[in-house]
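Enquirer: Dropping a structure here in structure tokens format, bear with me for questions.
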Amino acid sequence: MFEIVNRQILSEDIKRISVLAKDIASRAKPGQFVAVCPEEGDERIPLTIVDSDPSKGTITLIFHEKGQTTLKLGSLPIKENIYSIVGPLGKPSTVEKKGTVICIATGVGIAQMLPIARAYRNIGNKVIGIIGAKSKRRLMLEPQMRICCNKLYIATEDGSYERKGLATDILKKMINEETVNMVYAIGAVEMMENVCAFTKEKKIKTFVQLNPIMVDCMGMCGSCRVKVSGKMVHACIEGPEFDGHKVDFNEFKLRSNSLEELDEWYSQKSQLSTPIKEPGILTRFLWGSQKEQP
Amino acid sequence: MGFSKRTALEEARRCPQCAGSECVKACPIKVNIPGFIRSVRENNTGEALEIIKESNCFPSVCGRICSAPCEKACVLKKEDAPVAIRALERFAADYGKQRSPNIRKENNGKRIAVIGGGPSGLFAAYKLAKKGYRVTVFESLEKPGGVLRYGVPEFRLPKKVLDSDISDIKAHGVTVMTNCFFGQTVDLEGLKKEGFNAFILATGAATPKFLDIPGVNLAGVYYGEEFLMRVNLMKASFFSRQLTAFPLGKRIAVIGSGNTALDCARSALRLGREVTLVFKNTEQEMRVRTIERKYAKEEGIKFEPLTRPAEVLSDDKNFVRGLRCVRMDYAEDASGKWKLEEVPSSQFEVKADTVVIAVGHVPNSNIKMFLPGLELDTDGSVVVDAETGETSLTGIFAAGNVVTNAQPLVNALAAGDSIAKGIEQYLVGVKNE
């Protein structure tokens with residue numbers, strides 16, 4: 001049904017796959033996502049549609065292998081079928097001509113940023129990209145971002161590539177220097193909160209894309225609830241794009257706290273797996289090491 | 001457990017086969033109850049199953065989880081021992097074998113799209129397919145069944161039973177398109193171009209009502225839907241081969257008194273947790289069958305009736321530590337009516353690591369996004385014509401919980417009949433024009 005046609009390792013534990021899904025590819029718009037379930041009985045995870053090719057009928061997904069489900073998805077080979085993909089879900093992002101737009105993204109957020117930066121550039125905006133990562137090994141999609149941005153700034157936390165420091169520092173410098181009409185931020189919650197707090201002072205319109213935990217991604221479970229301008233909404237049907245100044249980040253942090261807990265829980269060693277032992281006598285005999293030892 | 005053959009025969013003999021047949025009048029989908037009980041009594045379970053299937057395509061589902069208004073209407077209810085109609089239906093469905101093969105009606109060239117593969121959608125599809133329409137069901141999850149698959153836990157309704165019922169519906173010529181989210185993967189314009197003549201909206205009421213108390217956004221607070229979905233869809237059920245794929249504490253507090261709350265509590269119990277059920281009303285006012293309430297008590301769920309949750313308490317890591325509650329009681333107010341009021345200075349804490357909230361549902365809010373111009377009630381349910389089931393948009397009909405808003409299963413199914421008639425009228429009218 002949903003065949004994997006291409007698979008590529010982008011950087012440390014980040015993978016890109018292209019999947020055959022005709023209906024989704026023909027209707028996907030920037031900012032939308034799909035719910036993926038790699039095998040029967042697995043968790044359904046939301047993944048942003050990075051690229052879609054209607055003529056071939058493929059969509060491209062990029063994900064960070066950190067949980068059980070993403071590890072399983074990353075281990076599926078080419079020609080394997082994915083059990084279920086539903087989409088495109090969520091509202092498409094509102095792309096308008098604004099002038100100068102800063103697109104700031106960190107970590108896996110760069111993958112989510114790519115279609116949006118492309119859409120803003122195509123419409124005739126001046127797009128300034130700022131991407132950040134922990135180290136050079138973790139940085140991804142740099143050439144693609146270079147193509148779709150007028151200018152690209154890169155920051156790594158340990159200084160292994162280009163500028164050393166945080167992406168938000170570059171943003172603050174840019175806003176002080178140039179006239180910026182809009183900011184779009186995707187990435188870690190702390191980063192988005194910082195950006196929104198800063199742009200609120202300067203009165204620059206800011207959009208963010210939230211990625212809370214989702215279970216069914218169709219507005220049924222209520223696990224993706226977010227407080228936006230004092231009202232609880234489902235991020236899966238009203239979002240994932242929100243006005244950054246209206247989102248209650250304190251409440252959102254509480255919920256994403258449990259996401260981290262979930263990862264911790266996942267990374268616990270399975271009780272079923274056999275521990276690695278010293279090679280037994282038979283193994284050593286077959287290796288021939290028995291002879292060497294007197 | 002279901003009836004054995006001997007018990008079933010004995011139970012069927014108790015039915016007086018009264019001429020008025022109050023049970024059929026009470027049943028929203030009008031199953032010929034005295035008819036199938038007579039067949040069971042004559043030791044002819046196959047025929048009994050066929051009689052049920054004339055009006056109900058979910059015999060084994062209804063035999064297990066129906067709210068059974070027929071038993072309340074039974075004439076033997078006066079003697080406090082109504083005929084166990086539900087259990088007999090289950091017996092007929094489990095042991096009966098259909099004699100005649102499913103005959104597909106010759107199709108009459110009209111295509112109908114059913115949006116939502118839940119019970120009411122499938123029921124309406126079955127009714128229309130029996131009349132010879134070409135019906136396609138659009139389901140957004142990977143398998144049809146809706147709430148019966150993700151909501152009702154395995155111990156109440158085994159998924160194998162559901163699969164067999166659905167395969168029977170498919171045998172009547174209903175096509176099911178899975179992984180197809182109406183509004184996003186397909187939309188109204190595209191389907192009209194494909195040649196669908198009429199649409200049935202059966203998206204159900206599954207969006208949880210948000211509870212507004214401090215602390216509901218803490219980690220470790222789930223809504224009932226999410227909890228059940230994780231347990232059912234992700235195979236974390238109690239016969240599980242996999243581990244539960246979500247953090248769940250040792251002690252669980254469930255808020256709510258409906259079927260969803262009880263399902264949550266009972267499946268949490270089967271995962272080996274201590275469960276406390278917190279609700280506002282008395283035990284007699286719970287909207288569940290008495291027998292299931294008794295089962296839940298027997299299994300060891302702690303009941304806290306007449307209690308209102310006031311706050312979810314958190315520890316220093318923003319995880320749930322407990323639930324602060326206030327006792328409620330009935331008190332006479334100035335006008336002489338009995339009303340629920342808080343008992344002064346009666347606060348107490350329920351110790352819990354996880355809180356599950358199941359306080360009710362509202363219809364899915366995305367219908368109004370994808371169908372602009374649809375007339376909605378104040379509570380979000382769709383306004384329909386009482387006789388035909390047509391909505392304010394021509395050619396679009398609505399059935400099930402999206403209209404009735406959180407009703408038991410049979411009431412959701414009941415709309416199927418009237419819609420089949422309404423669509424027939426509508427399509428004939430279109431032809432004449």
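Residues in the structure tokens are named by chain (A, B, ... in the order shown) and by number from 1 within that chain; ligands are numbered from 1 in the order shown.
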For region 68-71 of chain B, please output as an NGL selection string all residues within 7 Å (counting only C-alpha atoms; exclusion window: fewer than 4 positions along the same chain).
Expert: :B and (23-24 or 26-27 or 82-86)
Enquirer: If you keep C-alpha atoms, can you produce a file of those selected residues as an mmCIF file, in the first residue's frame?
Expert:
data_model
loop_
_atom_site.group_PDB
_atom_site.id
_atom_site.type_symbol
_atom_site.label_atom_id
_atom_site.label_comp_id
_atom_site.auth_asym_id
_atom_site.auth_seq_id
_atom_site.Cartn_x
_atom_site.Cartn_y
_atom_site.Cartn_z
ATOM 1 C CA CYS B 23 -39.749 -5.496 23.567
ATOM 2 C CA VAL B 24 -39.996 -4.876 19.818
ATOM 3 C CA ALA B 26 -38.823 -0.575 22.820
ATOM 4 C CA CYS B 27 -36.050 -1.677 20.456
ATOM 5 C CA PRO B 82 -37.017 -10.067 32.499
ATOM 6 C CA VAL B 83 -36.026 -12.500 29.759
ATOM 7 C CA ALA B 84 -32.290 -12.193 29.091
ATOM 8 C CA ILE B 85 -32.780 -11.057 25.499
ATOM 9 C CA ARG B 86 -29.247 -9.728 25.106
#
Enquirer: Counting only C-alpha atoms, which residues of chain B come no farther than 8 Å from chain A, as a PyMOL selection string?
Expert: chain B and resi 140-142+179-181+184-186+206-208+210+217-220+222-226+229-230+233-235+245-247+318+364-366
Enquirer: Between B:Lys297, B:Lys110, B:Arg90, B:Lys72, which one has atoms that come closest to Phe58 (chain B), using only C-alpha atoms?
Expert: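 Checking each candidate against Phe58 (chain B), we get B:Arg90 as the closest.
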Enquirer: Identify, on the basis of only C-alpha atoms, every residue whose closest approach to region 48-54 of chain A does not exceed 8 Å; exclude the query and any residue fewer than 3 positions from it along the same chain; express the result as JSON, numbers by chain.
Expert: {"A": [22, 25, 26, 28, 30, 31, 32, 33, 34, 57, 58, 59, 60, 61, 62, 111, 112, 114, 115]}
Enquirer: Would you please extract all helix (DSSP H, G or I) residues from region 77-229 of chain B, as assigned by DSSP on the backbone, and give them as a PyMOL selection string?
Expert: chain B and resi 77-79+85-95+119-130+147-150+159-171+188-194+224-229
Enquirer: Pick out the residues sitting within 9 Å of Ala87 (chain B), and hand them over as a JSON list (two decimals) with N, CA and C atoms, in the first residue's frame; count only C-alpha atoms, and ignore anything fewer than 5 positions along from it in its own chain.
Expert:
[["chain", "number", "residue", "atom", "x", "y", "z"],
["B", 2, "GLY", "N", -21.04, -16.34, 27.88],
["B", 2, "GLY", "CA", -22.34, -16.51, 27.24],
["B", 2, "GLY", "C", -23.08, -17.69, 27.82],
["B", 3, "PHE", "N", -24.28, -17.87, 27.34],
["B", 3, "PHE", "CA", -25.10, -18.98, 27.80],
["B", 3, "PHE", "C", -24.62, -20.29, 27.21],
["B", 8, "ALA", "N", -29.61, -21.53, 27.60],
["B", 8, "ALA", "CA", -30.27, -20.72, 26.58],
["B", 8, "ALA", "C", -31.66, -21.27, 26.31],
["B", 63, "GLY", "N", -25.24, -8.32, 21.02],
["B", 63, "GLY", "CA", -25.41, -9.35, 22.04],
["B", 63, "GLY", "C", -24.50, -9.18, 23.22],
["B", 64, "ARG", "N", -23.48, -8.34, 23.07],
["B", 64, "ARG", "CA", -22.54, -8.15, 24.17],
["B", 64, "ARG", "C", -22.67, -6.79, 24.83],
["B", 92, "ALA", "N", -27.36, -16.82, 19.97],
["B", 92, "ALA", "CA", -27.72, -17.07, 18.57],
["B", 92, "ALA", "C", -26.58, -16.68, 17.64]]
Enquirer: Asn125 (chain A): which residues within 8 Å, counting only C-alpha atoms, same-chain residues fewer than 4 positions away excluded, as a list in words?
Expert: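 So, after excluding close chain neighbours, the residues are Lys97, Lys98, Gly99, Thr100, Val101, Tyr120 and Arg121 of chain A.
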Enquirer: Got a sec to tell me which of region 128-220 of chain B DSSP assigns to strand (DSSP E or B), as a list in words?
Expert: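 Across region 128-220 of chain B, those assigned strand (DSSP E or B) are Arg134, Val135, Thr136, Val137, Phe138, Thr175, Val176, Met177, Phe182, Val186, Ala198, Phe199, Ile200, Leu201, Thr207, Pro208 and Ala219 of chain B.
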Enquirer: For those residues, write all heavy atoms to a file as a compact mmCIF listing (two decimals), in the first residue's frame.
Expert:
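Final file, part01.txt:
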# COMPACT_ATOMS: atom_id res chain seq x y z
N ARG B 134 -24.76 1.06 -4.48
CA ARG B 134 -23.32 0.82 -4.36
C ARG B 134 -22.78 1.75 -3.27
O ARG B 134 -22.74 2.95 -3.45
CB ARG B 134 -22.61 1.10 -5.68
CG ARG B 134 -22.77 -0.02 -6.69
CD ARG B 134 -22.26 0.42 -8.02
NE ARG B 134 -20.80 0.55 -8.02
CZ ARG B 134 -20.15 1.24 -8.94
NH1 ARG B 134 -20.79 1.87 -9.88
NH2 ARG B 134 -18.84 1.31 -8.90
N VAL B 135 -22.40 1.16 -2.17
CA VAL B 135 -22.02 1.98 -1.02
C VAL B 135 -20.52 1.88 -0.79
O VAL B 135 -19.92 0.81 -0.86
CB VAL B 135 -22.77 1.52 0.25
CG1 VAL B 135 -22.55 2.50 1.37
CG2 VAL B 135 -24.23 1.35 -0.02
N THR B 136 -19.89 3.03 -0.54
CA THR B 136 -18.48 3.06 -0.16
C THR B 136 -18.37 3.75 1.19
O THR B 136 -18.92 4.82 1.39
CB THR B 136 -17.66 3.85 -1.20
OG1 THR B 136 -17.97 3.34 -2.49
CG2 THR B 136 -16.17 3.69 -0.95
N VAL B 137 -17.66 3.11 2.10
CA VAL B 137 -17.46 3.69 3.43
C VAL B 137 -16.05 4.27 3.49
O VAL B 137 -15.08 3.60 3.13
CB VAL B 137 -17.65 2.62 4.53
CG1 VAL B 137 -17.37 3.22 5.89
CG2 VAL B 137 -19.04 2.05 4.49
N PHE B 138 -15.93 5.53 3.92
CA PHE B 138 -14.62 6.17 4.06
C PHE B 138 -14.24 6.20 5.53
O PHE B 138 -14.91 6.83 6.34
CB PHE B 138 -14.66 7.59 3.48
CG PHE B 138 -14.83 7.59 2.00
CD1 PHE B 138 -16.09 7.66 1.44
CD2 PHE B 138 -13.74 7.48 1.17
CE1 PHE B 138 -16.26 7.64 0.08
CE2 PHE B 138 -13.90 7.47 -0.20
CZ PHE B 138 -15.16 7.55 -0.75
N THR B 175 -18.13 -1.46 0.07
CA THR B 175 -16.69 -1.25 -0.07
C THR B 175 -16.22 -0.37 1.08
O THR B 175 -16.87 0.62 1.40
CB THR B 175 -16.37 -0.53 -1.39
OG1 THR B 175 -17.24 -1.05 -2.39
CG2 THR B 175 -14.94 -0.75 -1.80
N VAL B 176 -15.09 -0.72 1.68
CA VAL B 176 -14.56 0.11 2.76
C VAL B 176 -13.21 0.65 2.34
O VAL B 176 -12.31 -0.11 1.98
CB VAL B 176 -14.42 -0.70 4.07
CG1 VAL B 176 -13.85 0.17 5.16
CG2 VAL B 176 -15.76 -1.25 4.50
N MET B 177 -13.09 1.97 2.32
CA MET B 177 -11.83 2.63 2.01
C MET B 177 -11.18 3.04 3.32
O MET B 177 -11.66 3.96 3.99
CB MET B 177 -12.06 3.87 1.15
CG MET B 177 -12.66 3.60 -0.20
SD MET B 177 -11.42 3.17 -1.40
CE MET B 177 -10.74 4.78 -1.71
N PHE B 182 -11.86 12.04 5.42
CA PHE B 182 -12.72 12.91 4.65
C PHE B 182 -12.40 14.37 4.95
O PHE B 182 -12.31 14.77 6.10
CB PHE B 182 -14.19 12.63 4.94
CG PHE B 182 -15.13 13.57 4.24
CD1 PHE B 182 -15.40 13.38 2.90
CD2 PHE B 182 -15.69 14.64 4.89
CE1 PHE B 182 -16.23 14.26 2.23
CE2 PHE B 182 -16.52 15.52 4.24
CZ PHE B 182 -16.79 15.31 2.89
N VAL B 186 -9.68 12.95 0.86
CA VAL B 186 -10.69 13.14 -0.19
C VAL B 186 -11.57 14.30 0.26
O VAL B 186 -11.65 14.58 1.44
CB VAL B 186 -11.56 11.88 -0.41
CG1 VAL B 186 -10.77 10.80 -1.05
CG2 VAL B 186 -12.16 11.42 0.90
N ALA B 198 -25.18 10.58 -3.22
CA ALA B 198 -25.62 11.07 -1.90
C ALA B 198 -24.54 10.77 -0.88
O ALA B 198 -23.70 9.88 -1.08
CB ALA B 198 -26.93 10.41 -1.51
N PHE B 199 -24.55 11.52 0.20
CA PHE B 199 -23.54 11.36 1.25
C PHE B 199 -24.21 11.14 2.59
O PHE B 199 -25.24 11.75 2.88
CB PHE B 199 -22.67 12.61 1.34
CG PHE B 199 -21.88 12.87 0.09
CD1 PHE B 199 -22.44 13.57 -0.96
CD2 PHE B 199 -20.59 12.40 -0.04
CE1 PHE B 199 -21.73 13.80 -2.12
CE2 PHE B 199 -19.88 12.62 -1.19
CZ PHE B 199 -20.45 13.32 -2.23
N ILE B 200 -23.62 10.28 3.39
CA ILE B 200 -24.11 10.11 4.75
C ILE B 200 -22.99 10.49 5.70
O ILE B 200 -21.87 9.98 5.60
CB ILE B 200 -24.55 8.66 5.01
CG1 ILE B 200 -25.70 8.29 4.09
CG2 ILE B 200 -24.97 8.49 6.45
CD1 ILE B 200 -26.12 6.86 4.20
N LEU B 201 -23.30 11.39 6.60
CA LEU B 201 -22.32 11.85 7.57
C LEU B 201 -22.49 11.02 8.84
O LEU B 201 -23.52 11.08 9.49
CB LEU B 201 -22.58 13.32 7.85
CG LEU B 201 -21.43 14.20 8.26
CD1 LEU B 201 -20.40 14.24 7.16
CD2 LEU B 201 -21.94 15.59 8.53
N THR B 207 -14.94 13.67 20.29
CA THR B 207 -14.08 14.67 20.90
C THR B 207 -14.42 14.79 22.38
O THR B 207 -15.56 14.99 22.73
CB THR B 207 -14.28 16.03 20.22
OG1 THR B 207 -14.23 15.83 18.81
CG2 THR B 207 -13.23 17.02 20.62
N PRO B 208 -13.43 14.63 23.25
CA PRO B 208 -13.75 14.68 24.68
C PRO B 208 -14.10 16.08 25.14
O PRO B 208 -13.58 17.06 24.61
CB PRO B 208 -12.46 14.18 25.34
CG PRO B 208 -11.40 14.45 24.36
CD PRO B 208 -12.02 14.35 23.00
N ALA B 219 1.59 16.47 33.25
CA ALA B 219 1.95 15.20 32.65
C ALA B 219 1.32 14.09 33.47
O ALA B 219 1.35 14.13 34.69
CB ALA B 219 3.45 15.06 32.62
Enquirer: Taking only C-alpha atoms into account, name the residue in A:Pro92, A:Gly187, A:Gly67, A:Gly107 that is nearest to Thr156 (chain A).
Expert: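 Ranking A:Pro92, A:Gly187, A:Gly67, A:Gly107 by distance to Thr156 (chain A), first place goes to A:Gly107.
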